[in-house]
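A.B. asks: Let me give you the structure first, and then I'll get to my questions.
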Amino acid sequence: MVNTIVDGTFRQTNLTNESPAYLTKREELRLAEIELMRQRERVTELRRHLPQGAPIQDYQFEEGPRDLNGGDAPVRTVRLSELFTKPNRSLIIYHLMYGKRQTKACPMCTAWLDGTNGVAHHLDQNFDFAVVAAADVPTLRAHARMRGWDKLRLLSAGNSTFKYDLGSEDREGHQDSTVSVFTRDADGALRHFYTAHPRMAPDIQQRGIDLLAPIWHFMDLTPQGRGDWYANLDYGTKVQARQHDAA
């Protein structure tokens, strides 16, 4: 029965006791989900076909040792161009809200990067990825060690204007969470392709980069929804499967 049309409804389960009211609304939802999928594909198509982006400078960053647990020295200089590992690969940089006026790492940014670290080996098959923060190398790496970010390339923006130019930092040093995509031409020219922030409009303050993390999408599957939940650094990264003792 599952994945077949029964009485005009594309069935999702083999349960025989689902009410007609439930099945009618579930079918309505299925059609809306299909339209949402197609709309996402239309948006993605628009993004992929943006005109050629602006050429940018070869920004300079600071980076510690490859082994996150191997200390924080020596610190070396690395340029944006060096973050591209192969031809014809895009580079995605997540701007972590940490450093300068942001004296504690942003909990929501941290939640996003917790998830990114978990799938980094999959991302690496398709594009290059790095995290850039205003915080200095030891401070950034200390936070990363607490979170177990052993698969992410971690960079300090140092004295560069990278974060200001891409809009993740203002003149006073206030930070914003941001994601940016860059490309490199065959002649080595670096170009900005795409940047997004949580704020999409004056009345949309928090939703602009939801697609970076599955947390809210899982919540949206439940009758409780996402509500006003906000990540918190206090509960850390350790969790055990919740089980009830046998009676």
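Following the order of the structure tokens, first chain is A, next is B, and so on, with residues numbered from 1 inside each chain and ligands from 1 in the order they appear.
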Within 10 Å of segment 195-200 of chain A, which residues of segment 78-102 of chain A come that close, and what is the closest atom pair and distance in Å for each? Count only C-alpha atoms and give it as JSON lines.
C.D. replies:
{"residue": "A:Ile92", "atom": "CA", "partner": "A:Thr195", "partner_atom": "CA", "distance": 9.6}
{"residue": "A:Ile93", "atom": "CA", "partner": "A:Thr195", "partner_atom": "CA", "distance": 9.4}
{"residue": "A:Tyr94", "atom": "CA", "partner": "A:Thr195", "partner_atom": "CA", "distance": 9.8}
{"residue": "A:His95", "atom": "CA", "partner": "A:His197", "partner_atom": "CA", "distance": 9.8}
A.B. asks: Do you know which residues are at most 12 Å from Ile56 of chain A counting only C-alpha atoms, after dropping those on the same chain fewer than 3 positions away, and could you put them as a ChimeraX atom specification?
C.D. replies: /A:53,59-60,80-81,161-162,165-166,181-185,188-193
A.B. asks: Since we have the selection now, will you write its residues out, keeping C-alpha atoms, as a PDB file, in the first residue's frame?
C.D. replies:
ATOM      1  CA  GLY A  53      30.622  37.973  -9.432  1.00  0.00           C
ATOM      2  CA  TYR A  59      42.682  38.055   1.466  1.00  0.00           C
ATOM      3  CA  GLN A  60      45.149  36.960   4.109  1.00  0.00           C
ATOM      4  CA  LEU A  80      42.182  32.978   0.133  1.00  0.00           C
ATOM      5  CA  SER A  81      43.573  31.509  -3.069  1.00  0.00           C
ATOM      6  CA  THR A 161      39.102  43.516   5.886  1.00  0.00           C
ATOM      7  CA  PHE A 162      37.573  40.238   4.746  1.00  0.00           C
ATOM      8  CA  ASP A 165      33.948  43.607   3.029  1.00  0.00           C
ATOM      9  CA  LEU A 166      31.600  40.595   3.048  1.00  0.00           C
ATOM     10  CA  VAL A 181      30.756  31.389  -1.723  1.00  0.00           C
ATOM     11  CA  PHE A 182      33.791  32.095  -3.888  1.00  0.00           C
ATOM     12  CA  THR A 183      35.092  30.866  -7.215  1.00  0.00           C
ATOM     13  CA  ARG A 184      38.477  30.931  -8.930  1.00  0.00           C
ATOM     14  CA  ASP A 185      38.791  31.546 -12.668  1.00  0.00           C
ATOM     15  CA  GLY A 188      43.549  32.428 -10.999  1.00  0.00           C
ATOM     16  CA  ALA A 189      41.283  35.453 -10.536  1.00  0.00           C
ATOM     17  CA  LEU A 190      39.189  35.188  -7.367  1.00  0.00           C
ATOM     18  CA  ARG A 191      35.525  36.116  -7.456  1.00  0.00           C
ATOM     19  CA  HIS A 192      32.708  36.532  -4.988  1.00  0.00           C
ATOM     20  CA  PHE A 193      29.740  34.400  -6.029  1.00  0.00           C
TER      21      PHE A 193
END
A.B. asks: Can I get the residues of segment 46-163 of chain A within 12 Å of segment 170-178 of chain A, each with the closest pair of atoms and their distance in Å to one decimal, using only C-alpha atoms, sorted chain first then ascending number, as CSV?
C.D. replies:
residue,atom,partner,partner_atom,distance
A:Ile92,CA,A:Thr178,CA,10.6
A:Ile93,CA,A:Thr178,CA,8.4
A:Tyr94,CA,A:Thr178,CA,6.0
A:His95,CA,A:Thr178,CA,5.0
A:Leu96,CA,A:Ser177,CA,5.8
A:Met97,CA,A:Gln175,CA,5.2
A:Tyr98,CA,A:Gln175,CA,7.0
A:Gly99,CA,A:Gln175,CA,7.7
A:Lys100,CA,A:Gly173,CA,5.5
A:Arg101,CA,A:His174,CA,5.1
A:Gln102,CA,A:Gln175,CA,6.2
A:Thr103,CA,A:His174,CA,9.8
A:Lys104,CA,A:Gln175,CA,10.9
A:Ala105,CA,A:Gln175,CA,10.2
A:Cys106,CA,A:Ser177,CA,8.4
A:Pro107,CA,A:Ser177,CA,10.7
A:Met108,CA,A:Ser177,CA,8.8
A:Cys109,CA,A:Ser177,CA,6.6
A:Thr110,CA,A:Ser177,CA,10.2
A:Ala111,CA,A:Ser177,CA,11.8
A:Trp112,CA,A:Ser177,CA,10.2
A:Leu113,CA,A:Ser177,CA,11.3
A:Val131,CA,A:Thr178,CA,10.4
A:Val132,CA,A:Thr178,CA,10.0
A:Ala133,CA,A:Gln175,CA,9.0
A:Ala134,CA,A:Gln175,CA,8.2
A:Ala135,CA,A:Gln175,CA,10.6
A:Asn159,CA,A:Gly173,CA,11.8
A:Thr161,CA,A:Arg171,CA,10.1
A:Phe162,CA,A:Asp170,CA,11.2
A:Lys163,CA,A:Asp170,CA,8.3
A.B. asks: Could you please take those selected residues and save N, CA and C atoms as a short mmCIF file (atom, residue, chain, number, x, y, z; two decimals), in the first residue's frame?
C.D. replies:
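Result written to part_8.cif:
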data_model
loop_
_atom_site.label_atom_id
_atom_site.label_comp_id
_atom_site.auth_asym_id
_atom_site.auth_seq_id
_atom_site.Cartn_x
_atom_site.Cartn_y
_atom_site.Cartn_z
N ILE A 92 33.34 27.56 0.04
CA ILE A 92 32.33 28.12 0.94
C ILE A 92 33.01 28.49 2.25
N ILE A 93 32.77 29.70 2.70
CA ILE A 93 33.31 30.16 3.99
C ILE A 93 32.15 30.54 4.90
N TYR A 94 32.18 29.97 6.10
CA TYR A 94 31.22 30.37 7.12
C TYR A 94 31.89 31.39 8.04
N HIS A 95 31.24 32.55 8.20
CA HIS A 95 31.75 33.61 9.07
C HIS A 95 31.20 33.37 10.47
N LEU A 96 32.01 32.86 11.35
CA LEU A 96 31.60 32.58 12.73
C LEU A 96 31.56 33.86 13.54
N MET A 97 30.46 34.10 14.24
CA MET A 97 30.33 35.27 15.11
C MET A 97 31.15 35.04 16.39
N TYR A 98 32.40 35.43 16.33
CA TYR A 98 33.27 35.25 17.50
C TYR A 98 34.48 36.16 17.31
N GLY A 99 34.72 36.98 18.31
CA GLY A 99 35.84 37.89 18.27
C GLY A 99 35.40 39.34 18.27
N LYS A 100 36.32 40.23 18.65
CA LYS A 100 36.07 41.67 18.76
C LYS A 100 34.88 41.91 19.70
N ARG A 101 33.80 42.54 19.24
CA ARG A 101 32.67 42.83 20.13
C ARG A 101 31.91 41.57 20.53
N GLN A 102 32.06 40.49 19.78
CA GLN A 102 31.41 39.22 20.11
C GLN A 102 32.37 38.42 20.99
N THR A 103 32.30 38.64 22.29
CA THR A 103 33.29 38.08 23.19
C THR A 103 33.05 36.60 23.50
N LYS A 104 31.82 36.11 23.26
CA LYS A 104 31.52 34.69 23.39
C LYS A 104 31.05 34.17 22.04
N ALA A 105 31.43 32.96 21.72
CA ALA A 105 31.03 32.39 20.43
C ALA A 105 29.51 32.34 20.34
N CYS A 106 28.98 32.68 19.19
CA CYS A 106 27.54 32.64 18.97
C CYS A 106 27.02 31.21 19.11
N PRO A 107 26.03 30.98 19.97
CA PRO A 107 25.50 29.61 20.12
C PRO A 107 24.89 29.05 18.84
N MET A 108 24.19 29.88 18.08
CA MET A 108 23.55 29.38 16.88
C MET A 108 24.59 29.05 15.80
N CYS A 109 25.58 29.92 15.64
CA CYS A 109 26.69 29.60 14.72
C CYS A 109 27.35 28.29 15.14
N THR A 110 27.54 28.13 16.43
CA THR A 110 28.17 26.93 16.96
C THR A 110 27.34 25.70 16.61
N ALA A 111 26.03 25.80 16.74
CA ALA A 111 25.15 24.68 16.40
C ALA A 111 25.29 24.33 14.92
N TRP A 112 25.32 25.34 14.07
CA TRP A 112 25.48 25.08 12.63
C TRP A 112 26.79 24.34 12.36
N LEU A 113 27.86 24.80 13.01
CA LEU A 113 29.17 24.19 12.74
C LEU A 113 29.32 22.83 13.40
N VAL A 131 36.09 27.94 7.97
CA VAL A 131 35.45 28.82 8.95
C VAL A 131 36.37 29.99 9.20
N VAL A 132 35.85 31.20 9.15
CA VAL A 132 36.63 32.40 9.43
C VAL A 132 35.96 33.15 10.58
N ALA A 133 36.77 33.52 11.57
CA ALA A 133 36.27 34.29 12.71
C ALA A 133 37.18 35.48 12.95
N ALA A 134 36.66 36.49 13.63
CA ALA A 134 37.49 37.63 14.04
C ALA A 134 38.41 37.26 15.20
N ALA A 135 38.03 36.23 15.95
CA ALA A 135 38.84 35.80 17.10
C ALA A 135 40.24 35.38 16.65
N ASN A 159 44.06 40.87 10.70
CA ASN A 159 43.89 42.30 10.42
C ASN A 159 43.27 42.57 9.06
N THR A 161 40.44 42.91 5.98
CA THR A 161 39.10 43.52 5.89
C THR A 161 38.08 42.52 5.35
N PHE A 162 38.43 41.26 5.35
CA PHE A 162 37.57 40.24 4.75
C PHE A 162 36.17 40.28 5.32
N LYS A 163 36.05 40.25 6.64
CA LYS A 163 34.72 40.16 7.25
C LYS A 163 33.93 41.45 7.04
#
A.B. asks: Determine which residues of segment 38-159 of chain A receive a DSSP assignment of helix (DSSP H, G or I), computed from the backbone, and state them as number ranges by chain.
C.D. replies: A: 38-48, 80-83, 107-118, 120-123, 137-147
A.B. asks: Mind checking which residues fall within 10 Å of Pro74 of chain A, counting only C-alpha atoms, ignoring those fewer than 4 positions away in the same chain, and posting them as a list in words?
C.D. replies: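 Once the adjacent positions are removed, what remains is Glu63, Gly64 and Pro65 of chain A.
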A.B. asks: Mind writing the picked residues with C-alpha atoms as a JSON list (two decimals), in the first residue's frame?
C.D. replies:
[["chain", "number", "residue", "atom", "x", "y", "z"],
["A", 63, "GLU", "CA", 45.86, 29.43, 10.68],
["A", 64, "GLY", "CA", 47.18, 27.07, 13.35],
["A", 65, "PRO", "CA", 48.43, 23.49, 12.97]]
A.B. asks: Provide the atom CA of Met146 of chain A to atom CA of Gly225 of chain A distance in Å, to one decimal place.
C.D. replies: 29.0 Å
A.B. asks: Please determine, counting only C-alpha atoms, which residue among A:Arg76, A:Asp150, A:Arg141, A:Leu91 has the shortest atom-to-atom distance to Asp128 of chain A.
C.D. replies: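 The answer is A:Leu91, which sits nearest to Asp128 of chain A.
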A.B. asks: Looking at A:Gly118, A:Gly167, A:Gly158, A:Gly148, which one is nearest to Ala213 of chain A, with distances taken over only C-alpha atoms?
C.D. replies: A:Gly118
A.B. asks: Need to verify the contact set: Gln125 of chain A, 12 Å, only C-alpha atoms, exclusion of same-chain residues closer than 3 positions in sequence. Can you return it as a ChimeraX atom specification?
C.D. replies: /A:85-86,89-90,119-122,128-129
A.B. asks: Please save C-alpha atoms of the selected residues as a PDB file, in the first residue's frame.
C.D. replies:
ATOM      1  CA  THR A  85      42.359  22.685  -3.322  1.00  0.00           C
ATOM      2  CA  LYS A  86      41.511  21.788  -6.921  1.00  0.00           C
ATOM      3  CA  ARG A  89      35.849  23.720  -7.075  1.00  0.00           C
ATOM      4  CA  SER A  90      33.894  26.372  -5.238  1.00  0.00           C
ATOM      5  CA  VAL A 119      29.253  15.960   7.476  1.00  0.00           C
ATOM      6  CA  ALA A 120      32.568  17.562   6.504  1.00  0.00           C
ATOM      7  CA  HIS A 121      33.827  14.391   4.804  1.00  0.00           C
ATOM      8  CA  HIS A 122      30.780  14.491   2.525  1.00  0.00           C
ATOM      9  CA  ASP A 128      36.178  23.398  -0.216  1.00  0.00           C
ATOM     10  CA  PHE A 129      35.000  24.727   3.143  1.00  0.00           C
TER      11      PHE A 129
END
A.B. asks: Smallest atom-to-atom distance to Leu23 of chain A: which of A:Ile5, A:Val43, A:Leu68, A:Val78, using only C-alpha atoms?
C.D. replies: A:Ile5
A.B. asks: Can you list, as number ranges by chain, every residue of segment 3-242 of chain A that DSSP puts in strand (DSSP E or B)?
C.D. replies: A: 5-6, 9-10, 55, 60-63, 76-79, 91-96, 99, 102, 128-133, 154-156, 169, 175, 178-184, 190-196, 201, 204
A.B. asks: Would you tabulate, counting only C-alpha atoms, all residues of segment 171-216 of chain A that have an atom at most 12 Å from an atom of segment 228-233 of chain A, showing the closest pair of atoms and their distance in Å to one decimal, sorted by chain then ascending number, as a tab-separated table?
C.D. replies:
residue	atom	partner	partner_atom	distance
A:Gln206	CA	A:Tyr230	CA	10.9
A:Ile215	CA	A:Ala231	CA	9.9
A:Trp216	CA	A:Trp229	CA	9.2
A.B. asks: Include N, CA and C atoms and write out the residues we just selected as an mmCIF file, in the first residue's frame.
C.D. replies:
data_model
loop_
_atom_site.group_PDB
_atom_site.id
_atom_site.type_symbol
_atom_site.label_atom_id
_atom_site.label_comp_id
_atom_site.auth_asym_id
_atom_site.auth_seq_id
_atom_site.Cartn_x
_atom_site.Cartn_y
_atom_site.Cartn_z
ATOM 1 N N GLN A 206 15.861 36.214 11.185
ATOM 2 C CA GLN A 206 16.607 35.042 11.625
ATOM 3 C C GLN A 206 16.597 33.870 10.643
ATOM 4 N N ILE A 215 18.697 21.132 11.997
ATOM 5 C CA ILE A 215 18.035 21.165 13.299
ATOM 6 C C ILE A 215 16.579 21.594 13.168
ATOM 7 N N TRP A 216 16.364 22.738 12.509
ATOM 8 C CA TRP A 216 15.015 23.292 12.421
ATOM 9 C C TRP A 216 14.131 22.451 11.514
#
A.B. asks: In Å, how far is it from atom CA of Asp187 of chain A to atom CA of Pro55 of chain A?
C.D. replies: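 So the answer is 12.1 Å.
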A.B. asks: May I have the residues within 6 Å of Trp149 of chain A as a list in words, using only C-alpha atoms and disregarding those fewer than 3 positions away in the same chain?
C.D. replies: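 Here the answer would be Asn117, Ala144 and Leu152 of chain A.
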A.B. asks: Taking N, CA and C atoms for each residue, export the selection above as a short mmCIF file (atom, residue, chain, number, x, y, z; two decimals), in the first residue's frame.
C.D. replies:
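File out.cif, as written:
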data_model
loop_
_atom_site.label_atom_id
_atom_site.label_comp_id
_atom_site.auth_asym_id
_atom_site.auth_seq_id
_atom_site.Cartn_x
_atom_site.Cartn_y
_atom_site.Cartn_z
N ASN A 117 30.67 19.96 10.95
CA ASN A 117 31.79 19.08 11.25
C ASN A 117 31.42 17.62 11.05
N ALA A 144 36.83 25.50 19.28
CA ALA A 144 36.68 24.34 18.39
C ALA A 144 36.99 23.03 19.12
N LEU A 152 37.14 20.63 10.50
CA LEU A 152 36.92 21.94 9.89
C LEU A 152 38.22 22.73 9.80
#
A.B. asks: In Å to one decimal, how far is atom CA of Thr4 of chain A from atom CA of Gln39 of chain A?
C.D. replies: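 Here the two named atoms are 24.5 Å from each other.
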A.B. asks: Check the smallest atom-to-atom distance from each of A:Asp72, A:Glu41, A:Asp124, A:Asp7 to Thr139 of chain A using only C-alpha atoms, then report the winner.
C.D. replies: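 Distance minimum relative to Thr139 of chain A lands on A:Asp72.
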